[in-house]
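Below: data_7.csv (CSV, C-alpha atoms)
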```
chain,number,residue,atom,x,y,z
A,124,MET,CA,48.9,-5.0,21.6
A,125,LYS,CA,50.0,-8.5,22.4
A,126,SER,CA,47.4,-10.2,24.7
A,127,ILE,CA,47.8,-13.2,26.9
A,128,PRO,CA,46.4,-16.5,25.7
A,129,ASN,CA,42.8,-17.3,26.3
A,130,VAL,CA,42.4,-18.5,29.9
A,131,ALA,CA,40.8,-21.9,29.8
A,132,ILE,CA,40.1,-22.3,33.5
A,133,LYS,CA,39.7,-26.0,33.6
A,134,SER,CA,42.7,-27.2,31.7
A,135,LYS,CA,44.8,-24.8,29.6
A,136,ILE,CA,46.4,-22.8,32.4
A,137,LEU,CA,48.0,-23.9,35.7
A,138,LEU,CA,45.8,-22.8,38.5
A,139,LYS,CA,47.5,-22.4,41.9
A,140,PRO,CA,45.2,-23.1,44.9
A,141,VAL,CA,45.1,-20.6,47.7
A,142,THR,CA,43.3,-20.6,51.0
A,143,CYS,CA,40.4,-18.5,51.8
A,144,LYS,CA,42.1,-17.5,55.1
A,145,ASN,CA,44.9,-15.9,53.1
A,146,ILE,CA,42.6,-13.7,51.1
A,147,GLY,CA,40.2,-12.8,53.9
A,148,ILE,CA,36.9,-14.0,52.4
A,149,SER,CA,34.2,-16.5,53.4
A,150,ALA,CA,35.6,-20.0,53.5
A,151,LYS,CA,32.1,-21.4,52.9
A,152,LEU,CA,31.3,-19.3,49.8
A,153,PHE,CA,34.8,-19.4,48.3
A,154,SER,CA,35.9,-22.9,49.3
A,155,THR,CA,37.6,-24.0,46.1
A,156,THR,CA,39.2,-20.7,45.0
A,157,LYS,CA,42.0,-20.8,42.5
A,158,VAL,CA,44.3,-18.2,41.0
A,159,VAL,CA,44.5,-17.1,37.4
A,160,ASN,CA,47.8,-15.2,36.8
A,161,ASN,CA,47.9,-14.3,40.6
A,162,ILE,CA,45.5,-11.3,40.0
A,163,VAL,CA,42.2,-12.9,39.3
A,164,LEU,CA,40.6,-15.7,41.5
A,165,VAL,CA,38.1,-18.0,40.0
A,166,GLU,CA,35.8,-20.5,41.7
A,167,ASN,CA,33.2,-22.8,40.3
A,168,LYS,CA,30.5,-23.8,42.8
A,169,GLN,CA,27.2,-25.4,42.0
A,170,GLY,CA,27.2,-23.8,38.5
A,171,VAL,CA,28.1,-20.4,39.8
A,172,ARG,CA,31.4,-18.9,38.7
A,173,ILE,CA,32.8,-16.5,41.3
A,174,ILE,CA,35.4,-14.1,39.9
A,175,THR,CA,37.5,-12.1,42.4
A,176,LEU,CA,39.8,-9.2,41.6
A,177,ASN,CA,42.9,-9.9,43.6
A,178,ARG,CA,45.4,-7.1,43.8
A,179,PRO,CA,44.7,-6.0,47.3
A,180,GLU,CA,48.1,-4.4,47.7
A,181,ARG,CA,47.0,-2.0,44.9
A,182,PHE,CA,43.3,-1.8,45.9
A,183,ASN,CA,42.5,-4.2,43.1
A,184,SER,CA,43.4,-1.6,40.5
A,185,PHE,CA,43.5,-2.5,36.8
A,186,ASN,CA,46.8,-2.8,35.0
A,187,SER,CA,47.2,-4.2,31.5
A,188,GLU,CA,47.5,-7.8,32.8
A,189,MET,CA,44.3,-7.4,34.9
A,190,PHE,CA,42.3,-6.1,31.9
A,191,ASP,CA,43.5,-9.0,29.6
A,192,THR,CA,43.1,-11.7,32.3
A,193,LEU,CA,39.6,-10.6,33.3
A,194,ARG,CA,38.6,-10.3,29.6
A,195,ASN,CA,39.7,-13.9,29.0
A,196,VAL,CA,38.0,-15.2,32.1
A,197,LEU,CA,34.7,-13.4,31.1
A,198,ASN,CA,34.9,-14.8,27.6
A,199,ASP,CA,35.5,-18.3,28.9
A,200,THR,CA,32.7,-18.0,31.4
A,201,SER,CA,30.3,-16.7,28.8
A,202,ARG,CA,31.0,-19.8,26.6
A,203,ASP,CA,31.0,-22.4,29.4
A,204,GLY,CA,27.8,-24.4,29.3
A,205,SER,CA,28.2,-25.5,32.9
A,206,VAL,CA,28.0,-22.0,34.3
A,207,LYS,CA,24.6,-20.8,35.3
A,208,LEU,CA,25.5,-17.4,36.5
A,209,ALA,CA,28.6,-15.4,37.6
A,210,VAL,CA,29.5,-13.1,40.5
A,211,ILE,CA,32.3,-10.6,40.3
A,212,THR,CA,33.8,-9.1,43.5
A,213,GLY,CA,37.1,-7.9,45.0
A,214,THR,CA,39.5,-9.1,47.6
A,215,GLY,CA,39.9,-7.0,50.8
A,216,ASP,CA,38.3,-3.6,51.4
A,217,TYR,CA,38.0,-2.4,47.8
A,218,PHE,CA,36.0,-3.6,44.8
A,219,THR,CA,38.5,-1.8,42.6
A,220,SER,CA,40.3,1.5,42.6
A,221,GLY,CA,40.1,1.7,38.8
A,222,ASN,CA,43.0,2.1,36.5
A,223,ASP,CA,46.4,1.8,38.1
A,224,LEU,CA,48.2,5.0,37.3
A,225,ALA,CA,51.5,3.2,37.9
A,226,ASN,CA,50.7,1.3,34.8
A,227,PHE,CA,50.9,4.6,32.8
A,228,GLU,CA,54.2,5.2,34.5
A,229,ARG,CA,55.4,1.8,33.3
A,230,LEU,CA,54.2,2.4,29.8
A,231,GLU,CA,55.9,5.8,29.7
A,232,ARG,CA,59.2,4.2,30.5
A,233,GLU,CA,58.6,1.3,28.1
A,234,LEU,CA,57.4,3.6,25.2
A,235,LYS,CA,59.9,6.4,26.0
A,236,GLY,CA,57.3,9.0,26.8
A,237,ASP,CA,55.5,8.7,23.4
A,238,MET,CA,51.9,9.7,24.6
A,239,ASN,CA,50.4,8.6,21.3
A,240,ALA,CA,51.9,5.1,21.7
A,241,ILE,CA,50.8,5.0,25.4
A,242,ALA,CA,47.3,6.0,24.4
A,243,ASP,CA,47.2,3.3,21.6
A,244,ARG,CA,48.4,0.6,24.0
A,245,SER,CA,46.0,1.6,26.7
A,246,VAL,CA,42.9,1.8,24.5
A,247,ASP,CA,43.7,-1.4,22.7
A,248,THR,CA,43.5,-3.1,26.1
A,249,ILE,CA,40.4,-1.3,27.4
A,250,GLN,CA,38.1,-1.6,24.3
A,251,PRO,CA,38.0,-5.4,24.0
A,252,PHE,CA,37.6,-5.7,27.7
A,253,ILE,CA,34.4,-3.6,27.6
A,254,GLY,CA,33.4,-5.6,24.5
A,255,SER,CA,33.5,-8.8,26.6
A,256,LEU,CA,31.2,-7.3,29.2
A,257,ILE,CA,28.7,-6.1,26.5
A,258,ASP,CA,28.6,-9.6,25.0
A,259,PHE,CA,28.6,-11.6,28.2
A,260,GLN,CA,25.7,-14.1,28.0
A,261,LYS,CA,25.3,-15.3,31.5
A,262,PRO,CA,23.6,-13.4,34.4
A,263,LEU,CA,26.3,-11.4,36.0
A,264,ILE,CA,26.1,-10.0,39.6
A,265,ALA,CA,28.5,-7.5,40.9
A,266,ALA,CA,29.2,-8.0,44.7
A,267,VAL,CA,30.7,-4.6,45.4
A,268,ASN,CA,32.5,-5.1,48.7
A,269,GLY,CA,34.0,-1.6,48.8
A,270,PRO,CA,34.8,1.5,46.8
A,271,ALA,CA,34.3,1.2,43.0
A,272,ILE,CA,36.4,3.9,41.2
A,273,GLY,CA,36.7,4.6,37.5
A,274,ILE,CA,36.3,1.5,35.5
A,275,GLY,CA,35.1,-0.2,38.7
A,276,ALA,CA,32.0,2.1,38.7
A,277,THR,CA,31.4,2.2,35.0
A,278,LEU,CA,31.5,-1.5,34.4
A,279,LEU,CA,28.6,-2.0,36.8
A,280,ALA,CA,26.2,-0.8,34.1
A,281,HIS,CA,27.0,-4.0,32.2
A,282,THR,CA,26.1,-6.3,35.1
A,283,ASP,CA,22.6,-7.6,35.8
A,284,ALA,CA,22.5,-6.8,39.6
A,285,VAL,CA,24.7,-4.7,41.9
A,286,TRP,CA,24.8,-5.7,45.5
A,287,ALA,CA,26.9,-3.3,47.5
A,288,SER,CA,28.4,-3.1,51.0
A,289,ASP,CA,27.4,0.1,52.8
A,290,SER,CA,31.2,0.9,52.8
A,291,ALA,CA,31.1,1.2,49.0
A,292,TYR,CA,31.2,4.5,47.1
A,293,PHE,CA,31.2,5.2,43.4
A,294,TYR,CA,33.6,7.7,41.9
A,295,THR,CA,34.6,8.5,38.3
A,296,PRO,CA,37.3,11.2,38.4
A,297,PHE,CA,38.0,11.1,34.7
A,298,THR,CA,38.1,14.8,34.0
A,299,GLY,CA,40.5,15.2,36.9
A,300,LEU,CA,42.9,12.9,35.0
A,301,GLY,CA,42.5,14.7,31.7
A,302,ILE,CA,40.5,11.8,30.2
A,303,ILE,CA,36.8,11.1,29.5
A,304,ALA,CA,34.1,8.7,30.4
A,305,GLU,CA,34.6,5.0,29.3
A,306,ALA,CA,32.8,1.6,29.4
A,307,CYS,CA,29.8,3.2,27.6
A,308,SER,CA,29.0,5.3,30.7
A,309,SER,CA,28.3,8.3,28.5
A,310,HIS,CA,25.2,6.3,27.5
A,311,THR,CA,24.5,4.0,30.4
A,312,PHE,CA,24.8,6.4,33.3
A,313,PRO,CA,22.2,9.0,31.9
A,314,ALA,CA,19.9,6.0,31.1
A,315,ILE,CA,20.2,4.7,34.7
A,316,MET,CA,20.4,7.8,36.9
A,317,GLY,CA,19.3,10.7,34.6
A,318,THR,CA,21.4,13.3,32.8
A,319,ILE,CA,22.0,15.6,35.7
A,320,ARG,CA,23.3,13.0,38.1
A,321,ALA,CA,25.4,11.4,35.3
A,322,ASN,CA,26.9,14.9,34.6
A,323,GLU,CA,27.8,15.2,38.2
A,324,MET,CA,29.6,11.9,38.2
A,325,LEU,CA,31.2,11.9,34.7
A,326,MET,CA,32.0,15.6,34.3
A,327,PHE,CA,32.4,16.9,37.8
A,328,ASN,CA,33.9,14.0,39.7
A,329,TYR,CA,31.0,13.6,42.2
A,330,LYS,CA,31.6,10.8,44.7
A,331,MET,CA,28.3,8.8,45.2
A,332,GLY,CA,27.6,6.8,48.4
A,333,ALA,CA,26.0,3.4,48.4
A,334,GLN,CA,22.6,4.5,49.5
A,335,GLU,CA,22.4,7.3,47.0
A,336,ALA,CA,23.6,4.8,44.3
A,337,ARG,CA,20.7,2.6,45.2
A,338,GLU,CA,18.2,5.4,45.1
A,339,CYS,CA,19.3,6.4,41.6
A,340,GLY,CA,19.3,2.8,40.2
A,341,LEU,CA,23.0,2.1,39.9
A,342,VAL,CA,22.9,-0.3,42.9
A,343,SER,CA,20.1,-2.8,43.6
A,344,ARG,CA,20.8,-3.8,47.2
A,345,VAL,CA,22.9,-2.3,50.1
A,346,VAL,CA,24.1,-4.4,53.0
A,347,PRO,CA,26.1,-3.5,56.2
A,348,LYS,CA,29.7,-4.3,55.6
A,349,GLN,CA,30.0,-6.8,58.4
A,350,GLU,CA,27.1,-8.9,56.9
A,351,PHE,CA,28.1,-8.5,53.2
A,352,ARG,CA,29.7,-11.8,52.4
A,353,GLU,CA,27.1,-13.8,54.3
A,354,ARG,CA,24.3,-12.0,52.6
A,355,VAL,CA,25.7,-12.5,49.1
A,356,GLU,CA,26.1,-16.2,49.9
A,357,GLU,CA,22.5,-16.4,51.1
A,358,TRP,CA,21.1,-14.6,48.0
A,359,VAL,CA,23.0,-16.9,45.6
A,360,PHE,CA,23.1,-20.3,47.4
A,361,GLY,CA,20.4,-20.0,50.2
A,362,ALA,CA,17.0,-21.8,50.3
A,363,LYS,CA,15.5,-18.7,48.8
A,364,GLY,CA,18.5,-17.8,46.7
A,365,LEU,CA,18.8,-17.5,43.0
A,366,LEU,CA,19.9,-21.1,42.5
A,367,ASN,CA,16.8,-22.4,44.2
A,368,THR,CA,14.3,-20.0,42.9
A,369,SER,CA,15.2,-19.3,39.3
A,370,TYR,CA,16.0,-21.6,36.4
A,371,PRO,CA,19.3,-20.9,34.7
A,372,LYS,CA,18.1,-21.1,31.1
A,373,SER,CA,15.2,-18.8,31.9
A,374,MET,CA,17.5,-16.3,33.4
A,375,GLN,CA,19.8,-16.4,30.4
A,376,SER,CA,17.0,-16.1,27.9
A,377,THR,CA,15.5,-13.2,29.8
A,378,LYS,CA,18.9,-11.5,29.7
A,379,GLN,CA,19.1,-12.0,26.0
A,380,LEU,CA,15.7,-10.2,25.7
A,381,LEU,CA,16.8,-7.3,28.0
A,382,ARG,CA,20.2,-7.0,26.2
A,383,ASN,CA,19.2,-8.0,22.7
A,384,ALA,CA,21.5,-7.8,19.6
A,385,THR,CA,20.3,-4.3,18.7
A,386,LYS,CA,21.2,-2.9,22.2
A,387,ARG,CA,24.5,-4.7,22.1
A,388,GLN,CA,25.3,-3.3,18.7
A,389,THR,CA,24.5,0.2,20.0
A,390,LEU,CA,26.8,-0.3,23.0
A,391,HIS,CA,29.7,-1.6,20.8
A,392,ALA,CA,29.3,1.6,18.7
A,393,ILE,CA,29.4,3.8,21.8
A,394,ASN,CA,32.4,1.9,23.1
A,395,ALA,CA,34.2,2.5,19.8
A,396,GLU,CA,33.4,6.2,19.9
A,397,GLU,CA,34.4,6.6,23.5
A,398,CYS,CA,37.7,4.8,22.9
A,399,LEU,CA,38.4,7.0,19.9
A,400,GLN,CA,38.0,10.1,22.0
A,401,LEU,CA,39.8,8.4,24.9
A,402,ARG,CA,42.8,7.8,22.7
A,403,GLU,CA,42.9,11.5,21.8
A,404,ARG,CA,42.5,12.7,25.4
A,405,MET,CA,45.2,10.3,26.7
A,406,ALA,CA,47.6,11.7,24.2
A,407,SER,CA,46.8,15.3,25.3
A,408,ASP,CA,48.7,17.8,27.4
A,409,GLU,CA,46.1,17.6,30.1
A,410,ALA,CA,46.6,13.8,30.5
A,411,ARG,CA,50.4,14.3,30.4
A,412,ASP,CA,50.0,16.9,33.2
A,413,ALA,CA,47.9,14.6,35.3
A,414,ILE,CA,50.5,11.8,35.0
A,415,ASN,CA,53.3,14.1,35.8
A,416,LYS,CA,51.4,15.3,39.0
A,417,PHE,CA,50.9,11.7,39.9
A,418,MET,CA,54.6,10.9,39.5
A,419,ASN,CA,55.6,13.9,41.5
A,420,ARG,CA,53.3,13.0,44.3
A,421,LYS,CA,54.8,9.5,44.3
A,422,LYS,CA,58.3,10.9,44.5
A,423,SER,CA,57.4,13.3,47.3
A,424,ALA,CA,55.9,10.4,49.3
A,425,LYS,CA,59.2,8.4,49.3
```
As a first step, turn the structure in this file into structure tokens.
Amino acid sequence: MKSIPNVAIKSKILLKPVTCKNIGISAKLFSTTKVVNNIVLVENKQGVRIITLNRPERFNSFNSEMFDTLRNVLNDTSRDGSVKLAVITGTGDYFTSGNDLANFERLERELKGDMNAIADRSVDTIQPFIGSLIDFQKPLIAAVNGPAIGIGATLLAHTDAVWASDSAYFYTPFTGLGIIAEACSSHTFPAIMGTIRANEMLMFNYKMGAQEARECGLVSRVVPKQEFRERVEEWVFGAKGLLNTSYPKSMQSTKQLLRNATKRQTLHAINAEECLQLRERMASDEARDAINKFMNRKKSAK
């Protein structure tokens, strides 16, 4: 599929400034926030790149543009020598509600109901996005400010720390949508939380709370919602925060040892296999039925 040009945050794309008041986040932490394509906010502060998913009216759900934009931001951040580490978070009450099913509705209209073409278009967007996470070179912290659904939960296994609000939960309802696990979660989730818990999440649509996610290793820290932004700021920029206690090159070199070329090669192979099966499932009668039910619910709500 046609992708948007690479996002060069400093010069190649017009960045529209927005105020922290408008997006409801800490003015101190996010004081120079800019907008990339209106759906991803990017801030550079003291060598930290803060990436914010910004579709609050859709609970920060992923459409094709979000996948492409975030992939380009991640690739740019990974290459940028001035970036010491990165933080990814969401605007509003959700981290992300996962794939925007309205995007499938749009693709159905655009591709005249051809489920094979819809599957091809979708997977051709998702696979390189996951690849950008696998190959991301800088320390990456997920500041999970609220629910993380679908891709929002599975991408966390590619980050280096997950700090979660106690309002967050983690939910991967893939089989209820007629599709399968993605983002290498068929491999990463059993490795993190054990096979039985991974089965519950990936096969049986189990919704996991923040404290349970911490107990099983998916989350590293849990904070009360009302303190979340302040604590994230403290852990990154405070006197005892990462910038003042850890050298950036040492963090990056350690990450390269923990996520070495062999491990990344394995993840790329798993990503390819999952996407192959995802393509098949998305073109199936089950996926068609799930999309039809979604559309019918949407019509009934009008």
- Query: Which of these residues is nearest to Met331 of chain A, using only C-alpha atoms: A:Met238, A:Ile257, A:Ile272, A:Leu193?
  - Reply: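 Of A:Met238, A:Ile257, A:Ile272, A:Leu193, the one nearest Met331 of chain A is A:Ile272, counting only C-alpha atoms.
Atom pair atom CA of Gly332 of chain A / atom CA of Tyr217 of chain A has a distance of 13.9 Å (rounded to one decimal).
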- Message: Taking only C-alpha atoms into account, name the residue in A:Phe417, A:Phe297, A:Phe227, A:Trp286 that is nearest to Arg352 of chain A.
- Response: A:Trp286
- Item | Which residue of A:Glu305, A:Asp247, A:Glu231, A:Asp258 approaches Gly273 of chain A most closely, using all atoms listed in the file | A:Glu305
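Of the listed residues (A:Gln349, A:Asp199, A:Leu208, A:Asn226), A:Asn226 comes nearest to Arg181 of chain A; the distances count all atoms listed in the file.
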- Message: Restricting the calculation to all atoms listed in the file: of A:Phe252, A:Trp358, A:Phe218, A:Tyr329, which residue gets closest to Ala284 of chain A?
- Response: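 Ranking A:Phe252, A:Trp358, A:Phe218, A:Tyr329 by distance to Ala284 of chain A, first place goes to A:Trp358.
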- Query: Which is closer to Asn239 of chain A than all the others in A:Ile162, A:Ala333, A:Ile414, A:Met405, using only C-alpha atoms?
  - Reply: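 Among A:Ile162, A:Ala333, A:Ile414, A:Met405, it is A:Met405 that comes nearest to Asn239 of chain A.
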- Message: What's around Val267 of chain A at 9 Å? Count all atoms listed in the file, leave out sequence neighbours fewer than 4 positions away in its own chain, and write the answer as a list in words.
- Response: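 In the requested form, the answer reads Ile211, Thr212, Gly213, Tyr217, Phe218, Thr219, Ala271, Val285, Trp286, Ala287, Ser288 and Ala291 of chain A.
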Need the shell around segment 370-383 of chain A: protein/DNA/RNA residues with any atom at most 7 Å away, counting all atoms listed in the file. Skip same-chain ones fewer than 4 positions apart. Format as a PDB file with C-alpha atoms, in the frame of the given file?
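Writing the result to part16.pdb gives the following:
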```pdb
ATOM      1  CA  LYS A 207      24.600 -20.800  35.300  1.00  0.00           C
ATOM      2  CA  GLN A 260      25.700 -14.100  28.000  1.00  0.00           C
ATOM      3  CA  LYS A 261      25.300 -15.300  31.500  1.00  0.00           C
ATOM      4  CA  PRO A 262      23.600 -13.400  34.400  1.00  0.00           C
ATOM      5  CA  ARG A 387      24.500  -4.700  22.100  1.00  0.00           C
TER       6      ARG A 387
END
```
- Message: Env of segment 316-322 of chain A: 12 Å cut, atoms = all atoms listed in the file, seq-sep filter 2 positions within chain, self excluded. Answer as a ChimeraX atom specification.
- Response: /A:276-277,280,293-298,303-304,308-314,324-331,335-342
With C-alpha atoms retained, write the just-selected residues as a PDB file, in the frame of the given file.
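Generated file (again.pdb):
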```
ATOM      1  CA  ALA A 276      32.000   2.100  38.700  1.00  0.00           C
ATOM      2  CA  THR A 277      31.400   2.200  35.000  1.00  0.00           C
ATOM      3  CA  ALA A 280      26.200  -0.800  34.100  1.00  0.00           C
ATOM      4  CA  PHE A 293      31.200   5.200  43.400  1.00  0.00           C
ATOM      5  CA  TYR A 294      33.600   7.700  41.900  1.00  0.00           C
ATOM      6  CA  THR A 295      34.600   8.500  38.300  1.00  0.00           C
ATOM      7  CA  PRO A 296      37.300  11.200  38.400  1.00  0.00           C
ATOM      8  CA  PHE A 297      38.000  11.100  34.700  1.00  0.00           C
ATOM      9  CA  THR A 298      38.100  14.800  34.000  1.00  0.00           C
ATOM     10  CA  ILE A 303      36.800  11.100  29.500  1.00  0.00           C
ATOM     11  CA  ALA A 304      34.100   8.700  30.400  1.00  0.00           C
ATOM     12  CA  SER A 308      29.000   5.300  30.700  1.00  0.00           C
ATOM     13  CA  SER A 309      28.300   8.300  28.500  1.00  0.00           C
ATOM     14  CA  HIS A 310      25.200   6.300  27.500  1.00  0.00           C
ATOM     15  CA  THR A 311      24.500   4.000  30.400  1.00  0.00           C
ATOM     16  CA  PHE A 312      24.800   6.400  33.300  1.00  0.00           C
ATOM     17  CA  PRO A 313      22.200   9.000  31.900  1.00  0.00           C
ATOM     18  CA  ALA A 314      19.900   6.000  31.100  1.00  0.00           C
ATOM     19  CA  MET A 324      29.600  11.900  38.200  1.00  0.00           C
ATOM     20  CA  LEU A 325      31.200  11.900  34.700  1.00  0.00           C
ATOM     21  CA  MET A 326      32.000  15.600  34.300  1.00  0.00           C
ATOM     22  CA  PHE A 327      32.400  16.900  37.800  1.00  0.00           C
ATOM     23  CA  ASN A 328      33.900  14.000  39.700  1.00  0.00           C
ATOM     24  CA  TYR A 329      31.000  13.600  42.200  1.00  0.00           C
ATOM     25  CA  LYS A 330      31.600  10.800  44.700  1.00  0.00           C
ATOM     26  CA  MET A 331      28.300   8.800  45.200  1.00  0.00           C
ATOM     27  CA  GLU A 335      22.400   7.300  47.000  1.00  0.00           C
ATOM     28  CA  ALA A 336      23.600   4.800  44.300  1.00  0.00           C
ATOM     29  CA  ARG A 337      20.700   2.600  45.200  1.00  0.00           C
ATOM     30  CA  GLU A 338      18.200   5.400  45.100  1.00  0.00           C
ATOM     31  CA  CYS A 339      19.300   6.400  41.600  1.00  0.00           C
ATOM     32  CA  GLY A 340      19.300   2.800  40.200  1.00  0.00           C
ATOM     33  CA  LEU A 341      23.000   2.100  39.900  1.00  0.00           C
ATOM     34  CA  VAL A 342      22.900  -0.300  42.900  1.00  0.00           C
TER      35      VAL A 342
END
```
- Message: Just the number, please: distance in Å from atom CA of Arg172 of chain A to atom CA of Leu365 of chain A, one decimal.
- Response: 13.4 Å
- Give me, please, the distance in Å between atom CA of Asp243 of chain A and atom CA of Ala406 of chain A, quoted to one decimal.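 Calculated distance between atom CA of Asp243 of chain A and atom CA of Ala406 of chain A is 8.8 Å.
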- Message: Using all atoms listed in the file and a cutoff of 12 Å, can you tell me which residues are near (30.8, -2.1, 19.3) in the file's coordinates, and write them out as a list in words?
- Response: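 I get Gln250, Pro251, Phe252, Ile253, Gly254, Ser255, Leu256, Ile257, Asp258, Ala306, Cys307, Ala384, Thr385, Lys386, Arg387, Gln388, Thr389, Leu390, His391, Ala392, Ile393, Asn394, Ala395, Glu396, Glu397, Cys398 and Leu399 of chain A for the residues within 12 Å of that point.
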Could you write out that same residue set with C-alpha atoms as a compact mmCIF listing (two decimals), in the frame of the given file?
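This is the output file out-v1.txt:
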```txt
# COMPACT_ATOMS: atom_id res chain seq x y z
CA GLN A 250 38.10 -1.60 24.30
CA PRO A 251 38.00 -5.40 24.00
CA PHE A 252 37.60 -5.70 27.70
CA ILE A 253 34.40 -3.60 27.60
CA GLY A 254 33.40 -5.60 24.50
CA SER A 255 33.50 -8.80 26.60
CA LEU A 256 31.20 -7.30 29.20
CA ILE A 257 28.70 -6.10 26.50
CA ASP A 258 28.60 -9.60 25.00
CA ALA A 306 32.80 1.60 29.40
CA CYS A 307 29.80 3.20 27.60
CA ALA A 384 21.50 -7.80 19.60
CA THR A 385 20.30 -4.30 18.70
CA LYS A 386 21.20 -2.90 22.20
CA ARG A 387 24.50 -4.70 22.10
CA GLN A 388 25.30 -3.30 18.70
CA THR A 389 24.50 0.20 20.00
CA LEU A 390 26.80 -0.30 23.00
CA HIS A 391 29.70 -1.60 20.80
CA ALA A 392 29.30 1.60 18.70
CA ILE A 393 29.40 3.80 21.80
CA ASN A 394 32.40 1.90 23.10
CA ALA A 395 34.20 2.50 19.80
CA GLU A 396 33.40 6.20 19.90
CA GLU A 397 34.40 6.60 23.50
CA CYS A 398 37.70 4.80 22.90
CA LEU A 399 38.40 7.00 19.90
```
- Task: Extract, using all atoms listed in the file, all DNA, RNA and protein residues at most 6 Å from Leu263 of chain A, discarding same-chain residues fewer than 3 positions from it, and format them as a VMD selection string.
- Result: chain A and resid 209 to 210 282 to 283
- Task: Using all atoms listed in the file, give me every residue within 6 Å of (44.0, 5.7, 23.1) in file coordinates, as a ChimeraX atom specification.
- Result: /A:242-243,245-246,401-402,405
N, CA and C atoms restored at segment 217-230 of chain A, emitted as a PDB file, in the coordinates of the input:
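Contents of the output file selection30.pdb:
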```pdb
ATOM      1  N   TYR A 217      38.416  -3.050  49.008  1.00  0.00           N
ATOM      2  CA  TYR A 217      38.000  -2.400  47.800  1.00  0.00           C
ATOM      3  C   TYR A 217      37.432  -3.344  46.779  1.00  0.00           C
ATOM      4  N   PHE A 218      36.418  -2.891  46.034  1.00  0.00           N
ATOM      5  CA  PHE A 218      36.000  -3.600  44.800  1.00  0.00           C
ATOM      6  C   PHE A 218      37.127  -3.424  43.812  1.00  0.00           C
ATOM      7  N   THR A 219      37.360  -2.190  43.414  1.00  0.00           N
ATOM      8  CA  THR A 219      38.500  -1.800  42.600  1.00  0.00           C
ATOM      9  C   THR A 219      38.725  -0.324  42.653  1.00  0.00           C
ATOM     10  N   SER A 220      39.980   0.100  42.672  1.00  0.00           N
ATOM     11  CA  SER A 220      40.300   1.500  42.600  1.00  0.00           C
ATOM     12  C   SER A 220      40.451   2.038  41.204  1.00  0.00           C
ATOM     13  N   GLY A 221      40.062   1.219  40.212  1.00  0.00           N
ATOM     14  CA  GLY A 221      40.100   1.700  38.800  1.00  0.00           C
ATOM     15  C   GLY A 221      41.446   1.459  38.170  1.00  0.00           C
ATOM     16  N   ASN A 222      41.736   2.263  37.171  1.00  0.00           N
ATOM     17  CA  ASN A 222      43.000   2.100  36.500  1.00  0.00           C
ATOM     18  C   ASN A 222      44.176   2.432  37.380  1.00  0.00           C
ATOM     19  N   ASP A 223      45.184   1.589  37.317  1.00  0.00           N
ATOM     20  CA  ASP A 223      46.400   1.800  38.100  1.00  0.00           C
ATOM     21  C   ASP A 223      47.278   2.797  37.390  1.00  0.00           C
ATOM     22  N   LEU A 224      47.398   3.990  37.954  1.00  0.00           N
ATOM     23  CA  LEU A 224      48.200   5.000  37.300  1.00  0.00           C
ATOM     24  C   LEU A 224      49.664   4.632  37.200  1.00  0.00           C
ATOM     25  N   ALA A 225      50.109   3.719  38.052  1.00  0.00           N
ATOM     26  CA  ALA A 225      51.500   3.200  37.900  1.00  0.00           C
ATOM     27  C   ALA A 225      51.681   2.479  36.619  1.00  0.00           C
ATOM     28  N   ASN A 226      50.594   1.967  36.049  1.00  0.00           N
ATOM     29  CA  ASN A 226      50.700   1.300  34.800  1.00  0.00           C
ATOM     30  C   ASN A 226      51.047   2.298  33.661  1.00  0.00           C
ATOM     31  N   PHE A 227      50.521   3.543  33.759  1.00  0.00           N
ATOM     32  CA  PHE A 227      50.900   4.600  32.800  1.00  0.00           C
ATOM     33  C   PHE A 227      52.362   4.954  32.965  1.00  0.00           C
ATOM     34  N   GLU A 228      52.823   4.959  34.198  1.00  0.00           N
ATOM     35  CA  GLU A 228      54.200   5.200  34.500  1.00  0.00           C
ATOM     36  C   GLU A 228      55.112   4.178  33.806  1.00  0.00           C
ATOM     37  N   ARG A 229      54.699   2.914  33.929  1.00  0.00           N
ATOM     38  CA  ARG A 229      55.400   1.800  33.300  1.00  0.00           C
ATOM     39  C   ARG A 229      55.442   1.953  31.791  1.00  0.00           C
ATOM     40  N   LEU A 230      54.267   2.267  31.223  1.00  0.00           N
ATOM     41  CA  LEU A 230      54.200   2.400  29.800  1.00  0.00           C
ATOM     42  C   LEU A 230      55.019   3.599  29.289  1.00  0.00           C
TER      43      LEU A 230
END
```
